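Next comes query_7.txt, a file with compact mmCIF, N, CA and C atoms.
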```
# COMPACT_ATOMS: atom_id res chain seq x y z
N MET P 536 25.45 -63.88 42.66
CA MET P 536 26.16 -63.13 43.68
C MET P 536 25.97 -61.64 43.40
N ALA P 537 25.60 -60.90 44.44
CA ALA P 537 25.37 -59.46 44.32
C ALA P 537 26.69 -58.71 44.40
N PHE P 538 26.74 -57.62 43.67
CA PHE P 538 27.93 -56.78 43.65
C PHE P 538 27.85 -55.81 44.83
N ASP P 539 28.89 -55.72 45.64
CA ASP P 539 28.93 -54.85 46.81
C ASP P 539 29.36 -53.45 46.39
N VAL P 540 28.46 -52.46 46.57
CA VAL P 540 28.75 -51.09 46.16
C VAL P 540 28.93 -50.15 47.36
N ASP P 541 29.09 -50.72 48.56
CA ASP P 541 29.25 -49.87 49.75
C ASP P 541 30.46 -48.96 49.67
N GLY P 542 31.58 -49.46 49.16
CA GLY P 542 32.78 -48.64 49.00
C GLY P 542 32.55 -47.48 48.05
N ALA P 543 31.87 -47.76 46.94
CA ALA P 543 31.55 -46.70 45.97
C ALA P 543 30.62 -45.67 46.59
N ARG P 544 29.66 -46.11 47.39
CA ARG P 544 28.76 -45.16 48.06
C ARG P 544 29.52 -44.22 48.98
N ARG P 545 30.50 -44.74 49.72
CA ARG P 545 31.29 -43.89 50.62
C ARG P 545 32.11 -42.87 49.84
N VAL P 546 32.71 -43.28 48.74
CA VAL P 546 33.52 -42.36 47.93
C VAL P 546 32.64 -41.29 47.31
N VAL P 547 31.53 -41.70 46.69
CA VAL P 547 30.63 -40.74 46.05
C VAL P 547 30.00 -39.83 47.10
N GLY P 548 29.72 -40.36 48.28
CA GLY P 548 29.12 -39.56 49.34
C GLY P 548 29.96 -38.36 49.73
N ARG P 549 31.27 -38.43 49.51
CA ARG P 549 32.14 -37.30 49.84
C ARG P 549 31.93 -36.10 48.93
N ILE P 550 31.47 -36.32 47.71
CA ILE P 550 31.23 -35.18 46.81
C ILE P 550 29.81 -34.64 46.94
N LEU P 551 28.92 -35.36 47.59
CA LEU P 551 27.55 -34.90 47.76
C LEU P 551 27.47 -33.99 48.98
N ASP P 552 27.93 -32.75 48.81
CA ASP P 552 28.04 -31.83 49.94
C ASP P 552 27.26 -30.54 49.76
N ASP P 553 26.45 -30.44 48.72
CA ASP P 553 25.55 -29.30 48.55
C ASP P 553 24.19 -29.65 49.13
N LYS P 554 23.58 -28.71 49.85
CA LYS P 554 22.21 -28.91 50.34
C LYS P 554 21.28 -28.54 49.18
N LEU P 555 20.56 -29.50 48.68
CA LEU P 555 19.70 -29.28 47.51
C LEU P 555 18.24 -29.49 47.86
N GLU P 556 17.39 -28.75 47.16
CA GLU P 556 15.94 -28.91 47.27
C GLU P 556 15.40 -29.09 45.86
N ILE P 557 14.40 -29.94 45.72
CA ILE P 557 13.76 -30.11 44.42
C ILE P 557 12.28 -29.76 44.58
N TRP P 558 11.84 -28.85 43.74
CA TRP P 558 10.48 -28.33 43.78
C TRP P 558 9.76 -28.70 42.50
N ARG P 559 8.46 -28.96 42.60
CA ARG P 559 7.63 -29.27 41.42
C ARG P 559 6.42 -28.36 41.43
N ASP P 560 6.08 -27.85 40.27
CA ASP P 560 4.90 -26.99 40.10
C ASP P 560 3.67 -27.89 40.16
N SER P 561 2.95 -27.83 41.28
CA SER P 561 1.82 -28.74 41.48
C SER P 561 0.67 -28.48 40.53
N GLY P 562 0.50 -27.23 40.10
CA GLY P 562 -0.59 -26.90 39.19
C GLY P 562 -0.18 -26.98 37.74
N ASP P 563 1.06 -27.36 37.50
CA ASP P 563 1.65 -27.43 36.17
C ASP P 563 1.80 -26.02 35.62
N ARG P 564 2.53 -25.91 34.54
CA ARG P 564 2.83 -24.59 33.99
C ARG P 564 1.62 -23.96 33.32
N THR P 565 0.59 -24.72 33.04
CA THR P 565 -0.55 -24.17 32.31
C THR P 565 -1.38 -23.21 33.14
N ASP P 566 -1.17 -23.15 34.46
CA ASP P 566 -1.95 -22.22 35.27
C ASP P 566 -1.28 -20.85 35.39
N ASP P 567 -0.08 -20.69 34.84
CA ASP P 567 0.58 -19.39 34.85
C ASP P 567 -0.12 -18.46 33.85
N HIS P 568 -0.05 -17.16 34.12
CA HIS P 568 -0.64 -16.21 33.17
C HIS P 568 0.40 -15.15 32.80
N LEU P 569 0.20 -14.53 31.66
CA LEU P 569 1.14 -13.55 31.13
C LEU P 569 0.80 -12.17 31.65
N ASP P 570 1.77 -11.51 32.29
CA ASP P 570 1.63 -10.12 32.68
C ASP P 570 2.04 -9.31 31.45
N GLU P 571 1.08 -8.70 30.79
CA GLU P 571 1.33 -8.03 29.51
C GLU P 571 2.22 -6.79 29.66
N GLU P 572 2.28 -6.19 30.84
CA GLU P 572 3.13 -5.03 31.04
C GLU P 572 4.60 -5.40 31.13
N THR P 573 4.90 -6.52 31.80
CA THR P 573 6.30 -6.92 31.98
C THR P 573 6.73 -8.00 31.00
N GLY P 574 5.77 -8.71 30.41
CA GLY P 574 6.11 -9.80 29.51
C GLY P 574 6.52 -11.07 30.25
N GLN P 575 6.31 -11.13 31.57
CA GLN P 575 6.70 -12.27 32.38
C GLN P 575 5.50 -13.18 32.66
N LEU P 576 5.80 -14.49 32.76
CA LEU P 576 4.77 -15.42 33.22
C LEU P 576 4.69 -15.33 34.74
N VAL P 577 3.48 -15.23 35.24
CA VAL P 577 3.25 -15.07 36.68
C VAL P 577 2.41 -16.23 37.18
N ARG P 578 2.84 -16.82 38.27
CA ARG P 578 2.06 -17.89 38.89
C ARG P 578 0.89 -17.26 39.64
N PRO P 579 -0.28 -17.86 39.59
CA PRO P 579 -1.43 -17.28 40.29
C PRO P 579 -1.26 -17.33 41.81
N ALA P 580 -0.49 -18.27 42.31
CA ALA P 580 -0.22 -18.39 43.74
C ALA P 580 1.05 -19.22 43.88
N ALA P 581 1.59 -19.26 45.08
CA ALA P 581 2.76 -20.10 45.31
C ALA P 581 2.33 -21.55 45.21
N ASP P 582 2.56 -22.16 44.07
CA ASP P 582 2.06 -23.51 43.86
C ASP P 582 3.17 -24.54 43.67
N GLU P 583 4.40 -24.18 44.01
CA GLU P 583 5.47 -25.16 43.95
C GLU P 583 5.48 -25.98 45.24
N VAL P 584 5.70 -27.28 45.08
CA VAL P 584 5.70 -28.20 46.21
C VAL P 584 7.09 -28.80 46.34
N LEU P 585 7.64 -28.81 47.56
CA LEU P 585 8.93 -29.44 47.82
C LEU P 585 8.74 -30.95 47.75
N ILE P 586 9.48 -31.61 46.82
CA ILE P 586 9.35 -33.06 46.71
C ILE P 586 10.56 -33.80 47.27
N TRP P 587 11.68 -33.10 47.47
CA TRP P 587 12.87 -33.74 48.03
C TRP P 587 13.83 -32.68 48.51
N ASN P 588 14.54 -32.98 49.60
CA ASN P 588 15.70 -32.18 49.99
C ASN P 588 16.72 -33.13 50.60
N GLY P 589 17.97 -32.82 50.37
CA GLY P 589 19.04 -33.67 50.86
C GLY P 589 20.36 -33.22 50.28
N LEU P 590 21.36 -34.08 50.39
CA LEU P 590 22.69 -33.74 49.90
C LEU P 590 22.89 -34.24 48.47
N GLY P 591 23.50 -33.39 47.66
CA GLY P 591 23.85 -33.71 46.29
C GLY P 591 24.99 -32.81 45.88
N ALA P 592 25.17 -32.64 44.58
CA ALA P 592 26.22 -31.75 44.08
C ALA P 592 25.76 -31.17 42.75
N VAL P 593 26.05 -29.89 42.56
CA VAL P 593 25.81 -29.23 41.27
C VAL P 593 27.16 -28.88 40.70
N MET P 594 27.43 -29.33 39.47
CA MET P 594 28.74 -29.15 38.84
C MET P 594 28.57 -28.70 37.40
N PRO P 595 29.52 -27.92 36.91
CA PRO P 595 29.46 -27.55 35.49
C PRO P 595 29.71 -28.77 34.63
N LEU P 596 29.15 -28.74 33.42
CA LEU P 596 29.35 -29.84 32.48
C LEU P 596 30.78 -29.87 31.96
N GLY P 597 31.40 -28.73 31.84
CA GLY P 597 32.75 -28.68 31.31
C GLY P 597 33.20 -27.25 31.12
N ARG P 598 34.34 -27.07 30.57
CA ARG P 598 34.92 -25.75 30.33
C ARG P 598 34.47 -25.23 28.96
N PRO P 599 34.57 -23.91 28.74
CA PRO P 599 34.25 -23.38 27.41
C PRO P 599 35.12 -24.05 26.34
N ALA P 600 34.51 -24.32 25.22
CA ALA P 600 35.23 -25.01 24.14
C ALA P 600 36.13 -24.04 23.40
N ILE P 601 37.29 -24.51 23.03
CA ILE P 601 38.18 -23.72 22.18
C ILE P 601 38.17 -24.40 20.82
N THR P 602 37.78 -23.65 19.82
CA THR P 602 37.69 -24.22 18.47
C THR P 602 38.59 -23.43 17.53
N THR P 603 39.01 -24.07 16.48
CA THR P 603 39.83 -23.41 15.47
C THR P 603 39.01 -23.27 14.19
N PRO P 604 38.56 -22.04 13.85
CA PRO P 604 37.81 -21.84 12.62
C PRO P 604 38.71 -22.07 11.40
N LEU P 605 38.11 -22.08 10.23
CA LEU P 605 38.84 -22.35 9.00
C LEU P 605 39.99 -21.38 8.74
N ASP P 606 39.84 -20.12 9.13
CA ASP P 606 40.89 -19.15 8.84
C ASP P 606 42.08 -19.26 9.80
N GLY P 607 42.03 -20.18 10.77
CA GLY P 607 43.15 -20.42 11.65
C GLY P 607 43.14 -19.65 12.95
N SER P 608 42.24 -18.69 13.13
CA SER P 608 42.20 -17.96 14.40
C SER P 608 41.49 -18.80 15.45
N ILE P 609 41.85 -18.61 16.71
CA ILE P 609 41.25 -19.37 17.79
C ILE P 609 40.16 -18.54 18.44
N VAL P 610 39.01 -19.14 18.62
CA VAL P 610 37.86 -18.46 19.21
C VAL P 610 37.44 -19.22 20.46
N GLN P 611 37.19 -18.49 21.54
CA GLN P 611 36.68 -19.13 22.75
C GLN P 611 35.17 -18.94 22.78
N GLN P 612 34.46 -20.05 22.83
CA GLN P 612 33.00 -20.01 22.86
C GLN P 612 32.52 -19.57 24.24
N PRO P 613 31.36 -18.91 24.32
CA PRO P 613 30.86 -18.51 25.63
C PRO P 613 30.51 -19.75 26.47
N PRO P 614 30.61 -19.64 27.80
CA PRO P 614 30.29 -20.79 28.65
C PRO P 614 28.81 -21.13 28.56
N THR P 615 28.52 -22.37 28.78
CA THR P 615 27.14 -22.84 28.74
C THR P 615 26.44 -22.57 30.07
N THR P 616 25.12 -22.53 30.05
CA THR P 616 24.35 -22.40 31.29
C THR P 616 23.93 -23.77 31.79
N ASP P 617 24.40 -24.82 31.12
CA ASP P 617 24.07 -26.18 31.53
C ASP P 617 24.99 -26.64 32.65
N TYR P 618 24.42 -27.29 33.62
CA TYR P 618 25.15 -27.92 34.72
C TYR P 618 24.63 -29.34 34.85
N GLN P 619 25.28 -30.12 35.68
CA GLN P 619 24.74 -31.42 36.01
C GLN P 619 24.58 -31.50 37.52
N ALA P 620 23.51 -32.15 37.93
CA ALA P 620 23.27 -32.38 39.35
C ALA P 620 23.52 -33.86 39.62
N VAL P 621 24.33 -34.12 40.62
CA VAL P 621 24.62 -35.48 41.05
C VAL P 621 23.82 -35.70 42.33
N LEU P 622 22.92 -36.67 42.30
CA LEU P 622 21.99 -36.90 43.39
C LEU P 622 22.08 -38.34 43.87
N PRO P 623 21.68 -38.60 45.11
CA PRO P 623 21.64 -39.99 45.57
C PRO P 623 20.67 -40.80 44.71
N VAL P 624 20.94 -42.08 44.57
CA VAL P 624 20.12 -42.92 43.71
C VAL P 624 18.68 -43.04 44.22
N ASP P 625 18.46 -42.82 45.51
CA ASP P 625 17.10 -42.94 46.04
C ASP P 625 16.29 -41.64 45.93
N THR P 626 16.81 -40.65 45.23
CA THR P 626 16.07 -39.41 44.97
C THR P 626 14.83 -39.76 44.15
N PRO P 627 13.67 -39.14 44.43
CA PRO P 627 12.48 -39.44 43.63
C PRO P 627 12.74 -39.16 42.14
N GLU P 628 12.02 -39.84 41.30
CA GLU P 628 12.16 -39.62 39.86
C GLU P 628 11.79 -38.18 39.52
N LEU P 629 12.66 -37.54 38.75
CA LEU P 629 12.44 -36.13 38.40
C LEU P 629 11.79 -36.02 37.05
N ARG P 630 11.19 -34.86 36.80
CA ARG P 630 10.56 -34.55 35.52
C ARG P 630 11.24 -33.31 34.94
N SER P 631 11.18 -33.20 33.63
CA SER P 631 11.64 -31.95 33.01
C SER P 631 10.83 -30.81 33.62
N ASP P 632 11.48 -29.70 33.85
CA ASP P 632 10.90 -28.48 34.42
C ASP P 632 10.76 -28.51 35.94
N ASP P 633 11.14 -29.60 36.62
CA ASP P 633 11.26 -29.52 38.07
C ASP P 633 12.35 -28.49 38.36
N VAL P 634 12.31 -27.88 39.52
CA VAL P 634 13.27 -26.84 39.88
C VAL P 634 14.15 -27.34 41.02
N LEU P 635 15.45 -27.24 40.83
CA LEU P 635 16.42 -27.62 41.84
C LEU P 635 17.01 -26.34 42.40
N ARG P 636 17.07 -26.23 43.72
CA ARG P 636 17.64 -25.04 44.38
C ARG P 636 18.82 -25.47 45.23
N ASN P 637 19.93 -24.76 45.08
CA ASN P 637 21.11 -25.00 45.91
C ASN P 637 20.96 -24.15 47.16
N ALA P 638 20.67 -24.79 48.29
CA ALA P 638 20.38 -24.07 49.53
C ALA P 638 21.61 -23.86 50.41
N GLY P 639 22.76 -24.38 50.02
CA GLY P 639 23.95 -24.20 50.84
C GLY P 639 24.90 -25.37 50.71
N SER P 640 25.81 -25.47 51.65
CA SER P 640 26.83 -26.51 51.60
C SER P 640 27.14 -26.99 53.01
N VAL P 641 27.56 -28.24 53.11
CA VAL P 641 27.99 -28.78 54.40
C VAL P 641 29.50 -28.92 54.46
N ARG P 642 30.21 -28.45 53.43
CA ARG P 642 31.68 -28.51 53.42
C ARG P 642 32.24 -27.61 54.52
N LYS P 643 33.23 -28.10 55.23
CA LYS P 643 33.84 -27.33 56.32
C LYS P 643 34.51 -26.06 55.82
N ASP P 644 35.13 -26.12 54.63
CA ASP P 644 35.82 -24.96 54.09
C ASP P 644 34.96 -24.15 53.12
N GLY P 645 33.66 -24.35 53.16
CA GLY P 645 32.74 -23.59 52.32
C GLY P 645 32.39 -24.32 51.04
N PRO P 646 31.41 -23.82 50.32
CA PRO P 646 30.95 -24.50 49.11
C PRO P 646 32.03 -24.54 48.03
N ARG P 647 31.95 -25.56 47.17
CA ARG P 647 32.88 -25.66 46.03
C ARG P 647 32.80 -24.41 45.16
N ASP P 648 31.58 -23.95 44.90
CA ASP P 648 31.38 -22.76 44.09
C ASP P 648 30.37 -21.86 44.80
N PRO P 649 30.86 -20.86 45.56
CA PRO P 649 29.94 -20.01 46.34
C PRO P 649 28.89 -19.30 45.49
N GLN P 650 29.18 -19.08 44.21
CA GLN P 650 28.22 -18.39 43.35
C GLN P 650 27.00 -19.24 43.03
N LEU P 651 27.07 -20.54 43.26
CA LEU P 651 25.92 -21.41 42.98
C LEU P 651 24.96 -21.49 44.16
N VAL P 652 25.39 -21.07 45.34
CA VAL P 652 24.51 -21.12 46.51
C VAL P 652 23.37 -20.12 46.32
N GLY P 653 22.16 -20.59 46.51
CA GLY P 653 20.97 -19.76 46.31
C GLY P 653 20.43 -19.79 44.89
N ARG P 654 21.21 -20.33 43.96
CA ARG P 654 20.76 -20.37 42.56
C ARG P 654 19.69 -21.43 42.36
N ARG P 655 18.88 -21.19 41.36
CA ARG P 655 17.83 -22.14 40.97
C ARG P 655 18.14 -22.67 39.59
N PHE P 656 17.82 -23.93 39.38
CA PHE P 656 18.10 -24.62 38.14
C PHE P 656 16.84 -25.35 37.69
N ARG P 657 16.61 -25.38 36.39
CA ARG P 657 15.50 -26.13 35.82
C ARG P 657 16.03 -27.46 35.33
N VAL P 658 15.37 -28.54 35.68
CA VAL P 658 15.76 -29.86 35.17
C VAL P 658 15.43 -29.90 33.69
N SER P 659 16.46 -30.04 32.86
CA SER P 659 16.24 -30.07 31.41
C SER P 659 16.29 -31.48 30.86
N ASP P 660 17.01 -32.37 31.53
CA ASP P 660 17.08 -33.77 31.09
C ASP P 660 17.21 -34.63 32.33
N ALA P 661 16.13 -35.28 32.70
CA ALA P 661 16.12 -36.09 33.92
C ALA P 661 16.69 -37.48 33.69
N ASN P 662 17.09 -37.79 32.47
CA ASN P 662 17.52 -39.16 32.15
C ASN P 662 18.96 -39.25 31.67
N VAL P 663 19.85 -38.43 32.22
CA VAL P 663 21.25 -38.51 31.80
C VAL P 663 21.83 -39.84 32.22
N GLY P 664 21.59 -40.26 33.46
CA GLY P 664 22.09 -41.56 33.88
C GLY P 664 21.77 -41.88 35.32
N THR P 665 21.48 -43.13 35.57
CA THR P 665 21.31 -43.62 36.93
C THR P 665 22.25 -44.79 37.07
N TYR P 666 23.03 -44.76 38.12
CA TYR P 666 24.01 -45.80 38.35
C TYR P 666 23.70 -46.48 39.68
N SER P 667 24.53 -47.38 40.12
CA SER P 667 24.26 -48.11 41.36
C SER P 667 24.17 -47.21 42.58
N VAL P 668 24.87 -46.09 42.57
CA VAL P 668 24.92 -45.25 43.77
C VAL P 668 24.50 -43.80 43.54
N ILE P 669 24.40 -43.34 42.29
CA ILE P 669 24.04 -41.94 42.03
C ILE P 669 23.09 -41.83 40.84
N ARG P 670 22.44 -40.68 40.77
CA ARG P 670 21.61 -40.32 39.63
C ARG P 670 22.15 -38.98 39.12
N ILE P 671 22.34 -38.86 37.82
CA ILE P 671 22.85 -37.61 37.23
C ILE P 671 21.76 -37.03 36.34
N VAL P 672 21.45 -35.75 36.54
CA VAL P 672 20.46 -35.06 35.71
C VAL P 672 21.09 -33.78 35.18
N ARG P 673 20.68 -33.36 34.01
CA ARG P 673 21.16 -32.10 33.44
C ARG P 673 20.19 -31.00 33.87
N VAL P 674 20.78 -29.87 34.30
CA VAL P 674 19.99 -28.73 34.76
C VAL P 674 20.51 -27.46 34.10
N GLN P 675 19.65 -26.45 34.02
CA GLN P 675 20.03 -25.14 33.47
C GLN P 675 19.72 -24.05 34.47
N VAL P 676 20.60 -23.07 34.55
CA VAL P 676 20.42 -21.95 35.47
C VAL P 676 19.16 -21.16 35.09
N ILE P 677 18.31 -20.87 36.08
CA ILE P 677 17.15 -20.01 35.83
C ILE P 677 17.12 -18.81 36.78
N GLY P 678 17.96 -18.78 37.76
CA GLY P 678 17.96 -17.62 38.64
C GLY P 678 18.76 -17.82 39.87
```
Have the structure of the file written as structure tokens, please.
Amino acid sequence: MAFDVDGARRVVGRILDDKLEIWRDSGDRTDDHLDEETGQLVRPAADEVLIWNGLGAVMPLGRPAITTPLDGSIVQQPPTTDYQAVLPVDTPELRSDDVLRNAGSVRKDGPRDPQLVGRRFRVSDANVGTYSVIRIVRVQVIG
């Protein structure tokens, strides 16, 4: 007997309200060259290819950690640049270094986090988890 996940899909679908795009460098990173004046890697041409667009969600992994050092004072660690992307399970398989772009939101009252709209993220771990209705990948802010 198959397990019915339609109810879970409807619930999860409510949080997938960011318009996301996933881009892949078709020429791979080895075709980039170093601009010696700026120290930046430069692509020889626009060689990123859109491999998917649809609804998903970009969320922080958690809050800054509060730790207690040996001397008893409390220190707040700086926030991480790691986020997680929650995507539909039918999203194509991602690779490390694919680029995810938050292109907007379909929420009536605006995006959950307006500062993430327009941001780009690098897929750092494409294998965090795949479940019956969603795929979760770890991403890092790149711009």
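You can rank P:Arg559, P:Arg636, P:Lys554, P:His568 by their closest distance to P:Arg655 using all atoms listed in the file, and at the top of that list sits P:Arg636.
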Spatial neighbours of P:Leu555, 6 Å, only C-alpha atoms, chain gap at least 6 places, as a PyMOL selection string: chain P and resi 588-590+636-638
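You will find atom N of P:Val663 at 29.0 Å from atom CA of P:Val577.
Taking atom N of P:Ser631 and atom N of P:Asn662 as the two end points, the separation is 7.6 Å.
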Nearby residues (only N, CA and C atoms) at most 5 Å from stretch 624-630 of chain P, same-chain spacing under 6 positions excluded, as number ranges by chain: P: 668-670
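Between atom N of P:Ser667 and atom C of P:Gln619 the interatomic distance comes to 16.1 Å.
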Selection near P:Ser640, 8 Å with only C-alpha atoms, sequence-local residues under 2 positions removed, as a list in words: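 Once the adjacent positions are removed, what remains is Asp552, Asp553, Lys554, Ala638, Arg642, Gly645, Pro646 and Val652 of chain P.
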Nearest to P:Gly678 by atom-to-atom distance, counting only N, CA and C atoms, from P:Arg654, P:Leu635, P:Pro649, P:Leu551: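 Closest candidate: P:Arg654.
Residue nearest P:Val621, chosen from P:Thr573, P:Val672, P:Asp582, P:Asp633 and counting only C-alpha atoms: P:Val672.
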